[in-house]
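Enquirer: Data: final12.csv, CSV, C-alpha atoms and all ligand atoms.
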chain,number,residue,atom,x,y,z
A,278,MET,CA,-14.7,-76.4,13.3
A,279,GLY,CA,-18.4,-75.6,13.0
A,280,THR,CA,-19.8,-73.3,10.3
A,281,ASP,CA,-20.7,-70.7,12.8
A,282,ARG,CA,-17.1,-70.5,14.2
A,283,ARG,CA,-15.5,-70.3,10.7
A,284,GLY,CA,-18.0,-67.5,9.9
A,285,PHE,CA,-17.0,-65.6,13.1
A,286,ILE,CA,-13.2,-65.9,12.4
A,287,GLY,CA,-13.8,-64.8,8.8
A,288,LYS,CA,-15.7,-61.7,9.9
A,289,ALA,CA,-13.1,-60.9,12.6
A,290,PHE,CA,-10.2,-61.0,10.0
A,291,GLY,CA,-12.3,-58.9,7.6
A,292,GLY,CA,-12.8,-56.3,10.3
A,293,VAL,CA,-9.1,-56.1,11.1
A,294,ALA,CA,-8.2,-55.8,7.4
A,295,ALA,CA,-10.8,-53.0,6.9
A,296,VAL,CA,-9.3,-51.1,9.9
A,297,GLY,CA,-5.8,-51.5,8.5
A,298,ALA,CA,-6.9,-50.3,5.1
A,299,VAL,CA,-8.4,-47.1,6.6
A,300,ALA,CA,-5.4,-46.5,8.7
A,301,SER,CA,-3.0,-46.9,5.8
A,302,LEU,CA,-5.2,-44.6,3.6
A,303,TYR,CA,-5.2,-42.0,6.4
A,304,GLY,CA,-1.4,-42.3,6.5
A,305,MET,CA,-1.1,-41.9,2.7
A,306,LYS,CA,-3.4,-38.8,2.8
A,307,ARG,CA,-1.3,-37.2,5.5
A,308,THR,CA,1.7,-37.8,3.3
A,309,TRP,CA,0.0,-36.2,0.3
A,310,ASP,CA,-1.2,-33.1,2.2
A,311,MET,CA,1.2,-30.2,2.2
A,312,LEU,CA,2.9,-29.5,5.4
A,313,PRO,CA,1.4,-26.5,7.2
A,314,SER,CA,4.7,-24.6,6.9
A,315,VAL,CA,4.7,-25.1,3.1
A,316,LYS,CA,1.1,-23.8,2.9
A,317,ALA,CA,2.0,-20.8,5.1
A,318,ASN,CA,5.0,-20.0,2.9
A,319,GLY,CA,3.1,-20.2,-0.3
A,320,PHE,CA,-0.1,-18.4,0.5
A,321,THR,CA,-1.1,-15.7,3.0
A,322,THR,CA,-4.8,-15.0,3.6
A,323,LEU,CA,-5.6,-11.4,4.6
A,324,ASP,CA,-8.9,-10.7,6.3
A,325,MET,CA,-9.4,-7.2,5.2
A,326,THR,CA,-12.1,-6.5,7.8
A,327,LYS,CA,-9.3,-6.6,10.4
A,328,TYR,CA,-7.6,-3.4,9.1
A,329,THR,CA,-10.0,-0.9,10.5
A,330,LYS,CA,-7.8,2.2,11.1
A,331,TYR,CA,-7.6,4.7,8.3
A,332,ASN,CA,-4.2,6.1,7.2
A,333,HIS,CA,-2.3,3.4,9.1
A,334,ASN,CA,0.3,1.1,7.6
A,335,TYR,CA,-0.4,-2.5,8.6
A,336,ILE,CA,2.5,-4.9,7.9
A,337,GLU,CA,1.9,-8.5,7.1
A,338,LYS,CA,4.2,-11.2,5.6
A,339,TRP,CA,4.0,-13.2,2.4
A,340,ARG,CA,6.8,-15.6,1.4
A,341,GLY,CA,9.2,-13.8,3.8
A,342,LYS,CA,8.4,-10.3,2.3
A,343,PRO,CA,6.7,-7.5,4.1
A,344,ILE,CA,3.2,-6.6,2.8
A,345,PHE,CA,2.0,-3.1,3.3
A,346,ILE,CA,-1.7,-2.5,3.8
A,347,ILE,CA,-3.4,0.9,4.1
A,348,ARG,CA,-7.2,1.4,4.5
A,349,LYS,CA,-7.8,4.8,2.8
A,350,SER,CA,-10.2,7.2,4.4
A,351,PRO,CA,-12.9,8.8,2.2
A,352,GLN,CA,-10.9,12.0,2.3
A,353,MET,CA,-7.8,10.3,1.0
A,354,VAL,CA,-9.8,8.7,-1.8
A,355,ALA,CA,-11.4,12.1,-2.7
A,356,GLU,CA,-8.0,13.8,-2.7
A,357,MET,CA,-6.5,11.0,-4.9
A,358,LYS,CA,-9.4,11.5,-7.4
A,359,SER,CA,-9.4,15.3,-7.5
A,360,ASN,CA,-5.8,16.3,-7.1
A,361,SER,CA,-4.4,15.4,-10.5
A,362,ASN,CA,-1.2,17.5,-9.9
A,363,LYS,CA,-0.3,15.2,-7.0
A,364,TYR,CA,-1.8,11.8,-7.9
A,365,LYS,CA,-1.8,9.9,-11.2
A,366,LYS,CA,-4.5,7.7,-12.8
A,367,GLN,CA,-2.6,4.6,-11.7
A,368,ASP,CA,-3.1,5.6,-8.0
A,369,GLN,CA,-6.7,4.8,-8.5
A,370,GLN,CA,-6.0,1.7,-10.7
A,371,ARG,CA,-3.9,0.2,-8.0
A,372,ASP,CA,-6.6,0.5,-5.3
A,373,ILE,CA,-8.3,-2.6,-4.2
A,374,PHE,CA,-11.9,-2.0,-3.2
A,375,ILE,CA,-12.9,-4.6,-0.6
A,376,ALA,CA,-14.6,-4.7,2.8
A,377,GLY,CA,-16.3,-1.4,2.0
A,378,SER,CA,-13.0,0.6,1.5
A,379,HIS,CA,-10.2,1.4,-0.9
A,380,PHE,CA,-7.0,-0.3,0.1
A,381,LEU,CA,-3.3,-0.2,-0.8
A,382,MET,CA,-1.9,-3.7,-0.7
A,383,CYS,CA,1.7,-4.1,-2.0
A,384,ILE,CA,5.1,-5.6,-1.3
A,385,GLY,CA,6.7,-3.1,1.1
A,386,ILE,CA,10.2,-3.2,-0.3
A,387,CYS,CA,11.9,-0.2,-1.9
A,388,THR,CA,12.4,-0.8,-5.6
A,389,HIS,CA,15.7,1.0,-5.6
A,390,LEU,CA,17.9,-1.4,-3.5
A,391,GLY,CA,15.5,-3.2,-1.3
A,392,CYS,CA,15.3,-1.3,2.0
A,393,ILE,CA,12.0,-1.2,3.9
A,394,PRO,CA,10.5,2.3,3.8
A,395,ASN,CA,8.6,3.9,6.7
A,396,TYR,CA,5.1,5.2,6.6
A,397,GLN,CA,4.6,8.9,7.6
A,398,PRO,CA,0.9,9.3,8.4
A,399,GLU,CA,1.2,13.1,8.6
A,400,ASP,CA,2.5,13.3,5.1
A,401,GLN,CA,0.6,10.2,3.9
A,402,ASN,CA,3.6,8.8,2.2
A,403,TYR,CA,6.5,6.4,2.7
A,404,LEU,CA,10.1,7.5,3.1
A,405,CYS,CA,12.9,5.1,2.4
A,406,PRO,CA,15.6,5.5,5.0
A,407,CYS,CA,18.4,4.4,2.7
A,408,HIS,CA,18.5,6.9,-0.1
A,409,GLY,CA,15.4,9.0,0.4
A,410,SER,CA,12.9,7.6,-2.2
A,411,ILE,CA,9.3,8.6,-1.5
A,412,PHE,CA,6.2,6.6,-2.3
A,413,ASP,CA,2.7,7.9,-2.0
A,414,PHE,CA,-0.2,6.1,-0.2
A,415,SER,CA,-0.9,4.1,-3.4
A,416,GLY,CA,2.7,2.8,-3.5
A,417,MET,CA,3.6,5.1,-6.5
A,418,VAL,CA,7.1,6.5,-6.5
A,419,THR,CA,7.1,10.3,-6.3
A,420,LYS,CA,10.8,10.9,-5.6
A,421,GLY,CA,13.8,8.8,-6.7
A,422,PRO,CA,16.3,7.3,-6.8
A,423,ALA,CA,13.7,4.5,-7.0
A,424,LEU,CA,12.3,4.5,-10.5
A,425,ILE,CA,9.2,2.3,-10.1
A,426,GLY,CA,6.5,2.0,-7.5
A,427,TYR,CA,6.0,-0.9,-5.1
A,428,ASN,CA,5.2,-4.3,-6.6
A,429,ILE,CA,1.7,-5.8,-6.0
A,430,PRO,CA,1.8,-9.5,-5.3
A,431,PRO,CA,-0.6,-11.9,-7.1
A,432,PHE,CA,-3.9,-12.2,-5.2
A,433,LYS,CA,-7.3,-13.6,-5.4
A,434,ARG,CA,-10.5,-12.4,-3.6
A,435,ASP,CA,-12.5,-14.7,-1.3
A,436,GLY,CA,-15.3,-12.6,0.1
A,437,ASN,CA,-13.7,-9.9,2.3
A,438,LYS,CA,-10.4,-11.8,2.2
A,439,LEU,CA,-7.4,-11.6,-0.2
A,440,ILE,CA,-5.4,-14.7,-0.8
A,441,LEU,CA,-1.8,-13.8,-1.7
A,442,GLY,CA,0.0,-16.1,-4.0
A,443,LEU,CA,-2.9,-17.0,-6.2
A,444,ASP,CA,-3.5,-15.5,-9.6
A,445,SER,CA,-6.9,-14.0,-10.6
A,446,PRO,CA,-8.5,-12.0,-13.5
A,447,GLU,CA,-8.4,-9.0,-11.2
A,448,TYR,CA,-4.6,-9.3,-10.8
A,449,GLN,CA,-4.1,-9.9,-14.5
A,450,LYS,CA,-6.1,-6.7,-15.2
A,451,LEU,CA,-3.6,-4.8,-13.0
A,452,ILE,CA,-0.7,-6.3,-15.0
A,453,ARG,CA,-2.4,-5.3,-18.3
A,454,GLU,CA,-2.9,-1.7,-17.0
A,455,HIS,CA,0.8,-1.7,-15.9
A,456,ALA,CA,-0.4,-0.9,-12.4
A,457,THR,CA,1.6,-3.6,-10.6
A,458,GLN,CA,4.7,-1.5,-10.9
A,459,ASN,CA,4.7,2.1,-11.9
A,460,GLU,CA,7.4,4.1,-13.5
A,461,MET,CA,8.0,7.6,-12.2
F,501,LIG,S1,17.0,1.5,-1.2
F,501,LIG,FE1,15.3,2.9,-1.0
F,501,LIG,S2,16.1,4.7,-1.8
F,501,LIG,FE2,17.7,3.3,-2.1
So, in terms of structure tokens, how does the structure I just supplied come out?
Ligand code: FES
Expert:
Amino acid sequence: MGTDRRGFIGKAFGGVAAVGAVASLYGMKRTWDMLPSVKANGFTTLDMTKYTKYNHNYIEKWRGKPIFIIRKSPQMVAEMKSNSNKYKKQDQQRDIFIAGSHFLMCIGICTHLGCIPNYQPEDQNYLCPCHGSIFDFSGMVTKGPALIGYNIPPFKRDGNKLILGLDSPEYQKLIREHATQNEM
């Protein structure tokens, strides 16, 4: 066999081996990557620019739980800040200011026995259909039998987005201020 021919066969085998190595690396990477469904179950990304209507309860899902989102109008924010008979300091602490507005973002499950309350835009509060608990537009409980407000899930900002399921200093601050759950 001539030198040229041996060189050609060597290069050809080398090429096949390289293609095989790339293919197997690709296969390994696919195995390492989380399945899309696992990603979706662990994290939910909320693009807050999508929620344009004021005083409207948007419902999303995170780890199988309903997430309530309300974009508060400037009037709602002013009322929350000025009417100390009706709203507590934690109403403001629980607000997330993002995409140019104040938002409620919380787990929409009644903290009494787990029913899903309904938002009443005319009263700007949530009424639980099971035993009548009422939560204000910040998720604070204002009438029992529930004793604490809605839970706030862990979240992290990414521009105008919130990624639910990730911890952040902002979320830790809410925990320190006892704003993630509020006692009546
Ligand atoms: S489950 Fe909501 S008031 Fe009982």
Enquirer: Could the residues of chain A that have an atom at most 7 Å from ligand LIG 501 (chain F) be listed as a tab-separated table, each with its closest atom pair and the distance in Å to one decimal, counting all atoms listed in the file and ordered by chain and ascending residue number?
Expert:
residue	atom	partner	partner_atom	distance
A:Cys387	CA	F:LIG501	FE1	4.7
A:Thr388	CA	F:LIG501	FE1	6.6
A:His389	CA	F:LIG501	S1	4.6
A:Leu390	CA	F:LIG501	S1	3.8
A:Gly391	CA	F:LIG501	S1	4.9
A:Cys392	CA	F:LIG501	S1	4.6
A:Pro394	CA	F:LIG501	FE1	6.8
A:Cys405	CA	F:LIG501	FE1	4.7
A:Pro406	CA	F:LIG501	FE1	6.5
A:Cys407	CA	F:LIG501	FE2	5.0
A:His408	CA	F:LIG501	S2	3.7
A:Gly409	CA	F:LIG501	S2	4.9
A:Ser410	CA	F:LIG501	S2	4.3
A:Gly421	CA	F:LIG501	S2	6.8
A:Pro422	CA	F:LIG501	S2	5.6
A:Ala423	CA	F:LIG501	S2	5.7
Enquirer: From the set A:Thr326, A:Asp413, A:Ile425, A:Val418, which residue has the shortest atom-to-atom contact distance to Gly377 (chain A), counting all atoms listed in the file?
Expert: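 Of all the options, A:Thr326 lies closest to Gly377 (chain A).
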Enquirer: When you count only C-alpha atoms, which of these residues is closest to Tyr396 (chain A): A:Phe320, A:Phe380, A:Tyr328, A:Phe414?
Expert: A:Phe414
Enquirer: At a cut-off of 10 Å, using all atoms listed in the file, what residues contact Lys338 (chain A)? Leave out same-chain residues fewer than 3 positions from it and give the result as an mmCIF file with C-alpha atoms, keeping the file's coordinate frame.
Expert:
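Ended up saving to part.cif:
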data_model
loop_
_atom_site.group_PDB
_atom_site.id
_atom_site.type_symbol
_atom_site.label_atom_id
_atom_site.label_comp_id
_atom_site.auth_asym_id
_atom_site.auth_seq_id
_atom_site.Cartn_x
_atom_site.Cartn_y
_atom_site.Cartn_z
ATOM 1 C CA ALA A 317 2.000 -20.800 5.100
ATOM 2 C CA ASN A 318 5.000 -20.000 2.900
ATOM 3 C CA PHE A 320 -0.100 -18.400 0.500
ATOM 4 C CA THR A 321 -1.100 -15.700 3.000
ATOM 5 C CA THR A 322 -4.800 -15.000 3.600
ATOM 6 C CA LEU A 323 -5.600 -11.400 4.600
ATOM 7 C CA GLY A 341 9.200 -13.800 3.800
ATOM 8 C CA LYS A 342 8.400 -10.300 2.300
ATOM 9 C CA PRO A 343 6.700 -7.500 4.100
ATOM 10 C CA ILE A 344 3.200 -6.600 2.800
ATOM 11 C CA PHE A 345 2.000 -3.100 3.300
ATOM 12 C CA ILE A 384 5.100 -5.600 -1.300
ATOM 13 C CA GLY A 385 6.700 -3.100 1.100
ATOM 14 C CA LEU A 441 -1.800 -13.800 -1.700
#
Enquirer: Provide the CA of Leu443 (chain A) to CA of Cys383 (chain A) distance in Å, to one decimal place.
Expert: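 The value is 14.3 Å.
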Enquirer: When you look at Ala376 (chain A) with a cut-off of 12 Å (counting all atoms listed in the file), what residues show up, excluding the ones that are within fewer than 3 positions of it in the same chain? I need them as a list of chain:residue names.
Expert: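 After dropping sequence-adjacent residues, the list is A:Leu323, A:Asp324, A:Met325, A:Thr326, A:Lys327, A:Tyr328, A:Thr329, A:Arg348, A:Lys349, A:Ile373, A:His379, A:Phe380, A:Arg434, A:Asp435, A:Gly436, A:Asn437, A:Lys438, A:Leu439.
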Enquirer: Determine the nearest neighbour of Val354 (chain A) from the options A:Ile452, A:Asn395, A:Ser415, A:Met382, counting only C-alpha atoms.
Expert: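 Among the listed residues, A:Ser415 lies closest to Val354 (chain A).
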